[in-house]
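Peer 1: Just so it is clear, I am handing over protein-v8.cif, which has mmCIF, C-alpha atoms.
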```cif
data_model
#
loop_
_atom_site.label_atom_id
_atom_site.label_comp_id
_atom_site.auth_asym_id
_atom_site.auth_seq_id
_atom_site.Cartn_x
_atom_site.Cartn_y
_atom_site.Cartn_z
CA MET A 1 -10.70 153.89 13.70
CA ILE A 2 -8.86 150.62 13.16
CA GLY A 3 -5.54 150.72 11.43
CA THR A 4 -2.16 149.10 11.11
CA ALA A 5 -0.01 149.72 14.18
CA THR A 6 2.93 152.05 13.69
CA GLU A 7 6.14 152.29 15.70
CA ALA A 8 4.76 155.24 17.71
CA ASP A 9 1.95 153.02 19.06
CA GLY A 10 4.45 150.83 20.93
CA PRO A 11 4.26 152.53 24.36
CA GLN A 12 0.44 152.61 24.32
CA ILE A 13 0.29 148.94 23.34
CA GLN A 14 2.62 148.05 26.20
CA ARG A 15 0.53 150.12 28.59
CA ILE A 16 -2.70 148.43 27.54
CA THR A 17 -1.13 144.99 27.96
CA ALA A 18 0.01 145.88 31.47
CA ARG A 19 -3.33 147.46 32.39
CA ALA A 20 -5.49 144.69 30.90
CA GLY A 21 -5.34 142.78 34.16
CA VAL A 22 -5.23 139.27 32.75
CA PHE A 23 -1.64 138.97 31.55
CA SER A 24 1.28 137.69 33.59
CA GLN A 25 4.67 139.41 33.52
CA GLU A 26 5.88 136.67 31.16
CA GLU A 27 2.97 137.33 28.81
CA ILE A 28 3.58 141.09 28.86
CA GLU A 29 7.20 140.37 27.98
CA CYS A 30 6.03 138.09 25.14
CA VAL A 31 3.89 140.89 23.66
CA ARG A 32 6.93 143.18 23.86
CA GLU A 33 9.10 140.63 22.02
CA LEU A 34 6.55 140.17 19.22
CA TRP A 35 6.21 143.94 18.95
CA GLU A 36 10.00 144.35 18.67
CA GLU A 37 10.07 141.85 15.82
CA TYR A 38 7.14 143.57 14.13
CA VAL A 39 8.81 146.99 14.32
CA THR A 40 12.27 145.72 13.37
CA LEU A 41 11.47 143.21 10.64
CA GLY A 42 8.00 144.16 9.45
CA SER A 43 4.90 141.97 9.52
CA GLU A 44 5.63 140.02 6.36
CA GLU A 45 9.08 138.98 7.49
CA CYS A 46 8.28 138.18 11.14
CA GLY A 47 4.74 136.87 10.64
CA TYR A 48 3.17 139.06 13.34
CA HIS A 49 0.57 141.62 12.27
CA PHE A 50 -0.45 144.32 14.75
CA ILE A 51 -3.56 146.44 14.38
CA VAL A 52 -4.83 149.12 16.75
CA TYR A 53 -8.14 150.78 17.55
CA ARG A 54 -7.57 154.53 17.70
CA GLU A 55 -9.66 157.40 19.00
CA GLY A 56 -7.79 160.59 18.11
CA ASN A 57 -4.24 160.05 19.32
CA GLN A 58 -5.26 157.46 21.85
CA VAL A 59 -4.92 153.72 21.30
CA LEU A 60 -7.81 151.93 23.02
CA GLY A 61 -6.91 148.39 22.08
CA PHE A 62 -4.83 146.20 19.81
CA ALA A 63 -4.75 142.78 18.23
CA CYS A 64 -1.89 140.66 16.90
CA TYR A 65 -2.34 137.77 14.50
CA GLY A 66 -0.34 135.84 11.93
CA PRO A 67 -0.08 132.66 9.89
CA ARG A 68 0.71 129.46 11.78
CA ASP A 69 3.96 127.89 10.60
CA LEU A 70 3.68 124.64 8.66
CA THR A 71 -0.01 125.12 7.87
CA HIS A 72 -1.81 126.22 4.74
CA GLY A 73 -4.37 128.76 5.84
CA ALA A 74 -4.47 128.45 9.65
CA PHE A 75 -3.85 131.73 11.48
CA ASP A 76 -3.24 132.45 15.16
CA LEU A 77 -4.75 135.30 17.12
CA TYR A 78 -1.74 135.83 19.34
CA TRP A 79 -3.02 138.74 21.39
CA ILE A 80 -6.06 140.92 21.73
CA ALA A 81 -6.45 143.47 24.50
CA VAL A 82 -8.59 146.50 25.25
CA ASP A 83 -7.79 149.24 27.73
CA PRO A 84 -9.98 148.86 30.86
CA SER A 85 -11.27 152.42 30.36
CA ALA A 86 -12.70 151.48 26.96
CA ARG A 87 -14.36 148.16 27.76
CA CYS A 88 -17.89 147.23 26.68
CA ASN A 89 -17.82 149.71 23.80
CA GLY A 90 -17.28 147.19 21.04
CA VAL A 91 -13.55 147.90 20.73
CA GLY A 92 -12.65 144.23 21.16
CA ARG A 93 -15.35 143.14 18.73
CA SER A 94 -14.15 145.65 16.14
CA LEU A 95 -10.54 144.51 16.55
CA LEU A 96 -11.43 140.85 16.19
CA THR A 97 -13.70 141.49 13.20
CA ALA A 98 -10.91 143.47 11.52
CA SER A 99 -8.40 140.70 12.32
CA GLU A 100 -10.70 138.12 10.74
CA ALA A 101 -11.16 140.26 7.62
CA ALA A 102 -7.38 140.69 7.30
CA VAL A 103 -6.78 136.97 7.76
CA ARG A 104 -9.35 136.13 5.08
CA LYS A 105 -7.70 138.63 2.76
CA MET A 106 -4.38 136.82 3.29
CA GLY A 107 -6.00 133.55 2.31
CA GLY A 108 -6.69 132.33 5.83
CA ARG A 109 -9.26 129.56 6.27
CA MET A 110 -9.45 129.69 10.04
CA LEU A 111 -8.42 131.76 13.02
CA ILE A 112 -7.26 130.08 16.22
CA ALA A 113 -7.46 131.75 19.62
CA GLU A 114 -5.91 130.07 22.61
CA THR A 115 -6.88 130.99 26.16
CA SER A 116 -6.99 129.61 29.65
CA GLY A 117 -9.81 127.64 31.23
CA THR A 118 -9.54 129.38 34.60
CA ALA A 119 -12.24 131.64 36.07
CA HIS A 120 -9.91 134.59 35.48
CA TYR A 121 -10.47 134.23 31.72
CA GLU A 122 -14.22 133.70 31.74
CA THR A 123 -14.88 137.08 30.11
CA THR A 124 -12.37 136.22 27.39
CA ARG A 125 -14.06 132.89 26.66
CA LYS A 126 -17.50 134.52 26.57
CA PHE A 127 -16.11 137.05 24.14
CA TYR A 128 -14.92 134.32 21.75
CA TYR A 129 -18.20 132.41 22.00
CA GLY A 130 -20.08 135.65 21.30
CA MET A 131 -17.93 136.23 18.23
CA GLY A 132 -18.86 132.85 16.77
CA TYR A 133 -15.87 130.85 17.95
CA GLU A 134 -16.10 127.21 18.92
CA ASN A 135 -14.10 125.63 21.73
CA GLU A 136 -12.71 122.91 19.53
CA ALA A 137 -10.10 121.39 21.84
CA ILE A 138 -8.88 121.37 25.43
CA ILE A 139 -5.51 120.31 26.81
CA ARG A 140 -5.89 119.71 30.52
CA ASP A 141 -3.33 121.23 32.89
CA PHE A 142 -1.51 122.88 30.01
CA TYR A 143 -0.51 126.25 31.46
CA ALA A 144 -0.20 124.77 34.95
CA VAL A 145 -1.95 122.17 37.09
CA SER A 146 -5.70 123.01 36.97
CA ASP A 147 -5.10 125.60 34.25
CA ASP A 148 -6.28 124.12 30.94
CA LEU A 149 -5.57 125.34 27.44
CA MET A 150 -8.79 126.05 25.57
CA ILE A 151 -8.40 126.28 21.81
CA PHE A 152 -11.08 128.33 20.07
CA THR A 153 -11.48 128.26 16.31
CA LYS A 154 -13.53 130.10 13.73
CA ARG A 155 -13.66 129.00 10.11
CA PHE A 156 -14.28 131.29 7.16
CA MET B 1 24.14 105.40 22.55
CA ILE B 2 21.94 108.44 23.17
CA GLY B 3 23.61 111.75 23.82
CA THR B 4 23.34 115.48 23.47
CA ALA B 5 23.72 116.57 19.86
CA THR B 6 26.93 118.42 19.01
CA GLU B 7 27.60 120.82 16.17
CA ALA B 8 29.24 118.05 14.11
CA ASP B 9 25.94 116.12 14.08
CA GLY B 10 24.25 118.85 12.02
CA PRO B 11 24.74 117.37 8.54
CA GLN B 12 23.60 113.90 9.65
CA ILE B 13 20.50 115.37 11.32
CA GLN B 14 19.64 117.25 8.14
CA ARG B 15 20.16 114.12 6.10
CA ILE B 16 17.86 112.06 8.34
CA THR B 17 15.16 114.72 8.15
CA ALA B 18 15.34 114.72 4.35
CA ARG B 19 15.41 110.91 4.14
CA ALA B 20 12.63 110.33 6.70
CA GLY B 21 10.05 110.57 3.94
CA VAL B 22 7.33 112.32 5.94
CA PHE B 23 8.57 115.90 6.10
CA SER B 24 7.79 118.63 3.60
CA GLN B 25 10.45 121.04 2.36
CA GLU B 26 9.06 123.64 4.76
CA GLU B 27 9.36 121.23 7.69
CA ILE B 28 12.92 120.30 6.72
CA GLU B 29 13.70 124.01 6.66
CA CYS B 30 12.09 124.40 10.10
CA VAL B 31 14.34 121.68 11.57
CA ARG B 32 17.33 123.50 10.08
CA GLU B 33 16.26 126.80 11.67
CA LEU B 34 15.82 125.22 15.12
CA TRP B 35 19.19 123.50 14.72
CA GLU B 36 20.88 126.80 13.83
CA GLU B 37 19.45 128.40 16.97
CA TYR B 38 20.53 125.42 19.07
CA VAL B 39 24.09 125.57 17.73
CA THR B 40 24.35 129.35 17.88
CA LEU B 41 22.61 130.14 21.18
CA GLY B 42 22.68 126.87 23.09
CA SER B 43 19.68 124.91 24.34
CA GLU B 44 19.07 126.96 27.48
CA GLU B 45 18.92 130.24 25.62
CA CYS B 46 16.90 129.11 22.59
CA GLY B 47 14.72 126.52 24.32
CA TYR B 48 15.42 123.74 21.80
CA HIS B 49 17.16 120.62 23.05
CA PHE B 50 18.54 118.17 20.50
CA ILE B 51 19.56 114.60 21.33
CA VAL B 52 20.87 111.96 18.94
CA TYR B 53 21.05 108.18 18.80
CA ARG B 54 24.58 107.21 17.76
CA GLU B 55 26.14 103.96 16.60
CA GLY B 56 29.85 104.57 16.28
CA ASN B 57 30.17 107.75 14.22
CA GLN B 58 26.78 107.36 12.65
CA VAL B 59 23.68 109.21 13.81
CA LEU B 60 20.65 106.96 13.36
CA GLY B 61 18.03 109.33 14.69
CA PHE B 62 17.37 112.50 16.64
CA ALA B 63 14.77 114.21 18.76
CA CYS B 64 14.17 117.87 19.59
CA TYR B 65 12.11 119.05 22.55
CA GLY B 66 11.76 122.09 24.76
CA PRO B 67 9.55 123.97 27.22
CA ARG B 68 6.38 125.56 25.84
CA ASP B 69 6.37 129.33 26.32
CA LEU B 70 3.90 130.71 28.85
CA THR B 71 3.35 127.35 30.56
CA HIS B 72 4.66 125.91 33.78
CA GLY B 73 5.80 122.40 32.99
CA ALA B 74 4.40 121.69 29.52
CA PHE B 75 7.03 120.63 26.98
CA ASP B 76 6.82 120.18 23.22
CA LEU B 77 8.33 117.34 21.27
CA TYR B 78 9.17 119.41 18.22
CA TRP B 79 10.78 116.72 16.10
CA ILE B 80 11.66 113.06 16.22
CA ALA B 81 13.04 111.19 13.23
CA VAL B 82 14.86 107.94 12.56
CA ASP B 83 16.87 107.12 9.46
CA PRO B 84 14.93 104.69 7.23
CA SER B 85 17.86 102.22 7.37
CA ALA B 86 17.51 101.97 11.16
CA ARG B 87 13.73 101.60 11.52
CA CYS B 88 12.06 98.98 13.72
CA ASN B 89 15.14 98.64 15.92
CA GLY B 90 13.85 100.65 18.85
CA VAL B 91 15.79 103.81 17.93
CA GLY B 92 12.65 105.96 17.99
CA ARG B 93 11.48 104.42 21.26
CA SER B 94 14.88 105.04 22.85
CA LEU B 95 14.91 108.65 21.66
CA LEU B 96 11.42 109.35 22.96
CA THR B 97 12.11 107.63 26.29
CA ALA B 98 15.29 109.70 26.67
CA SER B 99 13.39 112.89 25.75
CA GLU B 100 10.76 112.13 28.39
CA ALA B 101 13.44 111.48 31.03
CA ALA B 102 15.15 114.77 30.17
CA VAL B 103 11.86 116.67 30.29
CA ARG B 104 11.04 115.21 33.71
CA LYS B 105 14.49 116.17 34.93
CA MET B 106 13.79 119.75 33.84
CA GLY B 107 10.58 119.76 35.87
CA GLY B 108 8.26 118.94 32.98
CA ARG B 109 4.81 117.59 33.82
CA MET B 110 3.75 116.66 30.33
CA LEU B 111 5.12 116.20 26.83
CA ILE B 112 3.06 117.26 23.83
CA ALA B 113 3.53 115.78 20.37
CA GLU B 114 1.66 117.25 17.45
CA THR B 115 1.17 115.35 14.24
CA SER B 116 -1.10 115.11 11.24
CA GLY B 117 -4.24 113.01 10.95
CA THR B 118 -3.55 111.93 7.35
CA ALA B 119 -2.82 108.33 6.32
CA HIS B 120 0.78 109.38 5.65
CA TYR B 121 1.33 109.76 9.40
CA GLU B 122 -0.38 106.57 10.56
CA THR B 123 2.91 104.99 11.62
CA THR B 124 3.74 108.11 13.62
CA ARG B 125 0.39 108.03 15.43
CA LYS B 126 0.76 104.30 16.19
CA PHE B 127 4.20 105.05 17.58
CA TYR B 128 2.81 107.64 20.01
CA TYR B 129 -0.05 105.37 21.10
CA GLY B 130 2.45 102.55 21.65
CA MET B 131 4.57 104.87 23.80
CA GLY B 132 1.63 105.63 26.09
CA TYR B 133 0.47 108.88 24.51
CA GLU B 134 -3.15 109.90 24.38
CA ASN B 135 -4.76 111.78 21.49
CA GLU B 136 -6.12 114.53 23.67
CA ALA B 137 -7.30 117.01 21.05
CA ILE B 138 -7.95 117.42 17.34
CA ILE B 139 -8.18 120.60 15.29
CA ARG B 140 -9.91 119.77 12.02
CA ASP B 141 -8.40 121.02 8.75
CA PHE B 142 -5.48 122.59 10.63
CA TYR B 143 -2.53 121.89 8.33
CA ALA B 144 -4.77 122.07 5.27
CA VAL B 145 -8.28 121.08 4.27
CA SER B 146 -8.73 117.40 5.28
CA ASP B 147 -5.42 117.46 7.17
CA ASP B 148 -6.18 117.62 10.89
CA LEU B 149 -3.86 118.48 13.74
CA MET B 150 -3.73 115.65 16.28
CA ILE B 151 -2.34 116.64 19.66
CA PHE B 152 -0.87 113.76 21.65
CA THR B 153 0.04 114.16 25.31
CA LYS B 154 1.75 112.10 27.96
CA ARG B 155 1.76 113.13 31.59
CA PHE B 156 4.47 112.23 34.09
#
```
Could you render the structure from this file as structure tokens?

Peer 2:
Amino acid sequence: MIGTATEADGPQIQRITARAGVFSQEEIECVRELWEEYVTLGSEECGYHFIVYREGNQVLGFACYGPRDLTHGAFDLYWIAVDPSARCNGVGRSLLTASEAAVRKMGGRMLIAETSGTAHYETTRKFYYGMGYENEAIIRDFYAVSDDLMIFTKRF
Amino acid sequence: MIGTATEADGPQIQRITARAGVFSQEEIECVRELWEEYVTLGSEECGYHFIVYREGNQVLGFACYGPRDLTHGAFDLYWIAVDPSARCNGVGRSLLTASEAAVRKMGGRMLIAETSGTAHYETTRKFYYGMGYENEAIIRDFYAVSDDLMIFTKRF
């Protein structure tokens, strides 16, 4: 049910991002920009890889990852989101597991997921912990005052 | 002696990057890409601000900084480099002080400088400590195995 995202998945990916409930307008716009690069240039050229979780014609979630510039083997999980209607069904877990497998296949040694330390993102942090990620670093007041950056890592 | 970089400074900036002795070919290429965006789009549009330290017609060093996407008030120090012939004369300190002043003027709350934990970058790390930066976070084996990412921050 997981596959490489194709151009036709764009509108559903945008809809999921908007419906996810945790992303700001600026973040939604950022997903759109990465998607545009992915569709226009291709994943190899732009460095952003999109995968989707499909059920029939419906996209229930997506993930976006890619190699971090200037590193040898560190990859970023840029985005992962599941439609609210499909939560708690393992869609997010499947997407992250598939992202990790793809990263390993590309020679990745570690996957980095950045998120916020606010209460709003507690479910996200629990998700990463549950998937075997470690909160390796924190930058206080990164996103805004009282909104820390929490850097999660998983090594392969 | 410090001023906004102009298009004519490009070759000297590239030369300093190559001569600095700490940057890989990929990093030198990255500086070139940011410079191209700066010259083509302008600092406001691309988010990269370049300043130079000049003595007469000669550029002795440069710095590049800009706002971090998705944050309110966090700025990155992308690059800072001084020509080997001009080391230990306060050029780096002047460039960093000027970068900090510019960031504050743009509403920045903090400046983030990322560097490597290897012996090769010991002088760089000492420089940040001496300028009042704190090593707030470390990601082990980030750049490569046994080559950690060290995140330095200074708050205003």

Peer 1: Give me the residues near Ser146 in chain B as a list of chain:residue names, where near means some atom within 8 Å (using all atoms listed in the file) and where sequence neighbours in that chain fewer than 5 positions away do not count.

Peer 2: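 Here the qualifying residues turn out to be B:Thr118, B:Arg140, B:Asp141.
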
Peer 1: Identify all chain B residues at most 8 Å from chain A by counting all atoms listed in the file; ligands do not count. Present them as a list in words.

Peer 2: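 That gives the following set of residues: Glu26, Glu27, Leu70, Thr71, His72, Gly73, Ala74, Glu136, Ala137, Ile138, Ile139, Phe142, Tyr143 and Ala144 of chain B.
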
Peer 1: Give me the result of the PyMOL selection byres ((chain B and resi 34) around 12) on this file, residue by residue, as number ranges by chain.

Peer 2: B: 10, 13-14, 27-33, 35-43, 46-50, 63-66, 78-79

Peer 1: Output, as a compact mmCIF listing (two decimals) with C-alpha atoms, in the frame of the given file, the coordinates of chain B following least-squares superposition onto chain A across all in-order C-alpha pairs.

Peer 2:
```
# COMPACT_ATOMS: atom_id res chain seq x y z
CA MET B 1 -10.71 153.91 13.70
CA ILE B 2 -8.87 150.63 13.16
CA GLY B 3 -5.52 150.72 11.43
CA THR B 4 -2.15 149.10 11.11
CA ALA B 5 -0.01 149.72 14.18
CA THR B 6 2.94 152.06 13.70
CA GLU B 7 6.14 152.28 15.71
CA ALA B 8 4.77 155.23 17.71
CA ASP B 9 1.96 153.02 19.06
CA GLY B 10 4.45 150.83 20.94
CA PRO B 11 4.28 152.52 24.36
CA GLN B 12 0.46 152.63 24.31
CA ILE B 13 0.29 148.94 23.35
CA GLN B 14 2.62 148.05 26.21
CA ARG B 15 0.55 150.13 28.59
CA ILE B 16 -2.70 148.43 27.54
CA THR B 17 -1.13 145.00 27.97
CA ALA B 18 0.02 145.90 31.49
CA ARG B 19 -3.33 147.48 32.41
CA ALA B 20 -5.50 144.71 30.91
CA GLY B 21 -5.33 142.82 34.19
CA VAL B 22 -5.22 139.31 32.75
CA PHE B 23 -1.63 139.00 31.55
CA SER B 24 1.29 137.72 33.59
CA GLN B 25 4.68 139.43 33.53
CA GLU B 26 5.88 136.70 31.17
CA GLU B 27 2.97 137.34 28.80
CA ILE B 28 3.57 141.09 28.87
CA GLU B 29 7.19 140.37 27.99
CA CYS B 30 6.03 138.10 25.14
CA VAL B 31 3.89 140.89 23.65
CA ARG B 32 6.94 143.17 23.84
CA GLU B 33 9.11 140.62 22.01
CA LEU B 34 6.55 140.16 19.21
CA TRP B 35 6.22 143.95 18.95
CA GLU B 36 10.00 144.36 18.66
CA GLU B 37 10.07 141.84 15.82
CA TYR B 38 7.14 143.56 14.11
CA VAL B 39 8.82 146.97 14.33
CA THR B 40 12.27 145.71 13.38
CA LEU B 41 11.47 143.19 10.62
CA GLY B 42 8.00 144.16 9.45
CA SER B 43 4.90 141.97 9.51
CA GLU B 44 5.65 140.02 6.34
CA GLU B 45 9.09 138.97 7.49
CA CYS B 46 8.27 138.18 11.13
CA GLY B 47 4.73 136.88 10.64
CA TYR B 48 3.18 139.08 13.34
CA HIS B 49 0.58 141.62 12.27
CA PHE B 50 -0.45 144.31 14.75
CA ILE B 51 -3.57 146.45 14.37
CA VAL B 52 -4.84 149.12 16.75
CA TYR B 53 -8.14 150.78 17.57
CA ARG B 54 -7.56 154.54 17.72
CA GLU B 55 -9.65 157.43 19.00
CA GLY B 56 -7.80 160.60 18.12
CA ASN B 57 -4.24 160.05 19.34
CA GLN B 58 -5.25 157.45 21.86
CA VAL B 59 -4.93 153.72 21.30
CA LEU B 60 -7.82 151.95 23.02
CA GLY B 61 -6.92 148.41 22.06
CA PHE B 62 -4.83 146.20 19.81
CA ALA B 63 -4.75 142.79 18.23
CA CYS B 64 -1.89 140.66 16.91
CA TYR B 65 -2.34 137.78 14.49
CA GLY B 66 -0.35 135.85 11.93
CA PRO B 67 -0.08 132.65 9.89
CA ARG B 68 0.71 129.45 11.78
CA ASP B 69 3.97 127.88 10.60
CA LEU B 70 3.68 124.63 8.66
CA THR B 71 -0.02 125.11 7.87
CA HIS B 72 -1.81 126.22 4.75
CA GLY B 73 -4.37 128.76 5.85
CA ALA B 74 -4.48 128.45 9.64
CA PHE B 75 -3.84 131.73 11.48
CA ASP B 76 -3.24 132.44 15.16
CA LEU B 77 -4.75 135.28 17.11
CA TYR B 78 -1.74 135.83 19.33
CA TRP B 79 -3.03 138.73 21.38
CA ILE B 80 -6.08 140.92 21.72
CA ALA B 81 -6.45 143.47 24.50
CA VAL B 82 -8.60 146.51 25.24
CA ASP B 83 -7.79 149.24 27.73
CA PRO B 84 -9.98 148.86 30.85
CA SER B 85 -11.29 152.44 30.36
CA ALA B 86 -12.71 151.48 26.95
CA ARG B 87 -14.38 148.15 27.77
CA CYS B 88 -17.91 147.24 26.69
CA ASN B 89 -17.84 149.72 23.81
CA GLY B 90 -17.29 147.21 21.04
CA VAL B 91 -13.55 147.90 20.73
CA GLY B 92 -12.65 144.23 21.16
CA ARG B 93 -15.36 143.14 18.72
CA SER B 94 -14.14 145.65 16.14
CA LEU B 95 -10.54 144.51 16.55
CA LEU B 96 -11.42 140.84 16.19
CA THR B 97 -13.70 141.48 13.20
CA ALA B 98 -10.90 143.47 11.53
CA SER B 99 -8.39 140.70 12.32
CA GLU B 100 -10.69 138.11 10.74
CA ALA B 101 -11.15 140.27 7.62
CA ALA B 102 -7.38 140.70 7.30
CA VAL B 103 -6.78 136.97 7.76
CA ARG B 104 -9.34 136.14 5.07
CA LYS B 105 -7.70 138.64 2.75
CA MET B 106 -4.39 136.83 3.28
CA GLY B 107 -6.01 133.54 2.29
CA GLY B 108 -6.68 132.33 5.83
CA ARG B 109 -9.26 129.58 6.29
CA MET B 110 -9.45 129.66 10.04
CA LEU B 111 -8.42 131.75 13.03
CA ILE B 112 -7.28 130.07 16.23
CA ALA B 113 -7.47 131.74 19.63
CA GLU B 114 -5.92 130.05 22.61
CA THR B 115 -6.87 130.97 26.14
CA SER B 116 -6.97 129.60 29.65
CA GLY B 117 -9.81 127.64 31.22
CA THR B 118 -9.53 129.38 34.61
CA ALA B 119 -12.24 131.64 36.07
CA HIS B 120 -9.92 134.60 35.47
CA TYR B 121 -10.47 134.22 31.72
CA GLU B 122 -14.24 133.70 31.74
CA THR B 123 -14.89 137.07 30.11
CA THR B 124 -12.38 136.22 27.39
CA ARG B 125 -14.06 132.88 26.66
CA LYS B 126 -17.52 134.51 26.57
CA PHE B 127 -16.12 137.05 24.13
CA TYR B 128 -14.93 134.32 21.75
CA TYR B 129 -18.22 132.41 21.98
CA GLY B 130 -20.10 135.65 21.30
CA MET B 131 -17.94 136.25 18.23
CA GLY B 132 -18.87 132.86 16.77
CA TYR B 133 -15.87 130.86 17.95
CA GLU B 134 -16.09 127.23 18.91
CA ASN B 135 -14.10 125.61 21.72
CA GLU B 136 -12.69 122.89 19.53
CA ALA B 137 -10.09 121.37 21.84
CA ILE B 138 -8.88 121.35 25.43
CA ILE B 139 -5.50 120.30 26.80
CA ARG B 140 -5.88 119.70 30.53
CA ASP B 141 -3.32 121.21 32.92
CA PHE B 142 -1.49 122.87 30.02
CA TYR B 143 -0.50 126.24 31.47
CA ALA B 144 -0.20 124.75 34.95
CA VAL B 145 -1.95 122.17 37.08
CA SER B 146 -5.70 122.99 36.98
CA ASP B 147 -5.11 125.59 34.24
CA ASP B 148 -6.27 124.12 30.94
CA LEU B 149 -5.55 125.32 27.43
CA MET B 150 -8.79 126.04 25.56
CA ILE B 151 -8.41 126.25 21.80
CA PHE B 152 -11.09 128.31 20.07
CA THR B 153 -11.48 128.27 16.30
CA LYS B 154 -13.53 130.09 13.73
CA ARG B 155 -13.64 129.00 10.12
CA PHE B 156 -14.28 131.30 7.17
```

Peer 1: Determine the residue set returned by the PyMOL selection byres ((chain B and resi 12) around 12) for the present structure, and present it as a list in words.

Peer 2: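 Applying the expression gives Ala5, Thr6, Glu7, Ala8, Asp9, Gly10, Pro11, Ile13, Gln14, Arg15, Ile16, Thr17, Ala18, Arg19, Ala20, Arg32, Trp35, Val52, Tyr53, Arg54, Asn57, Gln58, Val59, Leu60, Gly61, Phe62, Ala81, Val82 and Asp83 of chain B.
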
Peer 1: Between A:Gly56, A:Leu95, A:Thr123, A:Val103, which has the minimum distance to Gly21 in chain A (counting only C-alpha atoms)?

Peer 2: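 Among the listed residues, the smallest separation from Gly21 in chain A belongs to A:Thr123.
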
Peer 1: Report the residues retrieved by the PyMOL selection byres ((chain B and resi 133) around 7) from the displayed file, expressed as a PyMOL selection string.

Peer 2: chain B and resi 128-129+131-132+134-135+152-154

Peer 1: To one decimal in Å, tell me the separation between CA of Glu114 in chain A and CA of Met150 in chain A.

Peer 2: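 It comes out at 5.8 Å.
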
Peer 1: Could you model N, CA and C atoms for range 109-126 of chain A and present them as an mmCIF file, in the coordinates of the input?

Peer 2:
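The new file rebuild.cif reads:
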```cif
data_model
loop_
_atom_site.group_PDB
_atom_site.id
_atom_site.type_symbol
_atom_site.label_atom_id
_atom_site.label_comp_id
_atom_site.auth_asym_id
_atom_site.auth_seq_id
_atom_site.Cartn_x
_atom_site.Cartn_y
_atom_site.Cartn_z
ATOM 1 N N ARG A 109 -8.031 130.354 6.206
ATOM 2 C CA ARG A 109 -9.260 129.560 6.270
ATOM 3 C C ARG A 109 -9.849 129.552 7.668
ATOM 4 N N MET A 110 -8.978 129.741 8.659
ATOM 5 C CA MET A 110 -9.450 129.690 10.040
ATOM 6 C C MET A 110 -8.560 130.522 10.936
ATOM 7 N N LEU A 111 -9.176 131.011 12.023
ATOM 8 C CA LEU A 111 -8.420 131.760 13.020
ATOM 9 C C LEU A 111 -8.509 130.983 14.332
ATOM 10 N N ILE A 112 -7.360 130.853 14.987
ATOM 11 C CA ILE A 112 -7.260 130.080 16.220
ATOM 12 C C ILE A 112 -6.937 131.024 17.369
ATOM 13 N N ALA A 113 -7.727 130.937 18.438
ATOM 14 C CA ALA A 113 -7.460 131.750 19.620
ATOM 15 C C ALA A 113 -7.297 130.814 20.812
ATOM 16 N N GLU A 114 -6.165 130.923 21.464
ATOM 17 C CA GLU A 114 -5.910 130.070 22.610
ATOM 18 C C GLU A 114 -6.089 130.881 23.890
ATOM 19 N N THR A 115 -6.771 130.297 24.866
ATOM 20 C CA THR A 115 -6.880 130.990 26.160
ATOM 21 C C THR A 115 -6.953 129.963 27.264
ATOM 22 N N SER A 116 -7.010 130.472 28.476
ATOM 23 C CA SER A 116 -6.990 129.610 29.650
ATOM 24 C C SER A 116 -8.398 129.238 30.094
ATOM 25 N N GLY A 117 -8.514 128.098 30.746
ATOM 26 C CA GLY A 117 -9.810 127.640 31.230
ATOM 27 C C GLY A 117 -10.151 128.113 32.641
ATOM 28 N N THR A 118 -9.295 128.950 33.227
ATOM 29 C CA THR A 118 -9.540 129.380 34.600
ATOM 30 C C THR A 118 -10.630 130.474 34.657
ATOM 31 N N ALA A 119 -11.170 130.647 35.852
ATOM 32 C CA ALA A 119 -12.240 131.640 36.070
ATOM 33 C C ALA A 119 -11.798 133.037 35.642
ATOM 34 N N HIS A 120 -10.523 133.320 35.837
ATOM 35 C CA HIS A 120 -9.910 134.590 35.480
ATOM 36 C C HIS A 120 -10.179 134.984 34.026
ATOM 37 N N TYR A 121 -10.312 133.979 33.165
ATOM 38 C CA TYR A 121 -10.470 134.230 31.720
ATOM 39 C C TYR A 121 -11.891 134.003 31.226
ATOM 40 N N GLU A 122 -12.842 133.990 32.144
ATOM 41 C CA GLU A 122 -14.220 133.700 31.740
ATOM 42 C C GLU A 122 -14.746 134.746 30.746
ATOM 43 N N THR A 123 -14.440 136.007 31.014
ATOM 44 C CA THR A 123 -14.880 137.080 30.110
ATOM 45 C C THR A 123 -14.296 136.877 28.707
ATOM 46 N N THR A 124 -13.029 136.469 28.670
ATOM 47 C CA THR A 124 -12.370 136.220 27.390
ATOM 48 C C THR A 124 -13.076 135.111 26.624
ATOM 49 N N ARG A 125 -13.394 134.017 27.323
ATOM 50 C CA ARG A 125 -14.060 132.890 26.660
ATOM 51 C C ARG A 125 -15.443 133.295 26.154
ATOM 52 N N LYS A 126 -16.164 134.045 26.985
ATOM 53 C CA LYS A 126 -17.500 134.520 26.570
ATOM 54 C C LYS A 126 -17.385 135.385 25.329
#
```
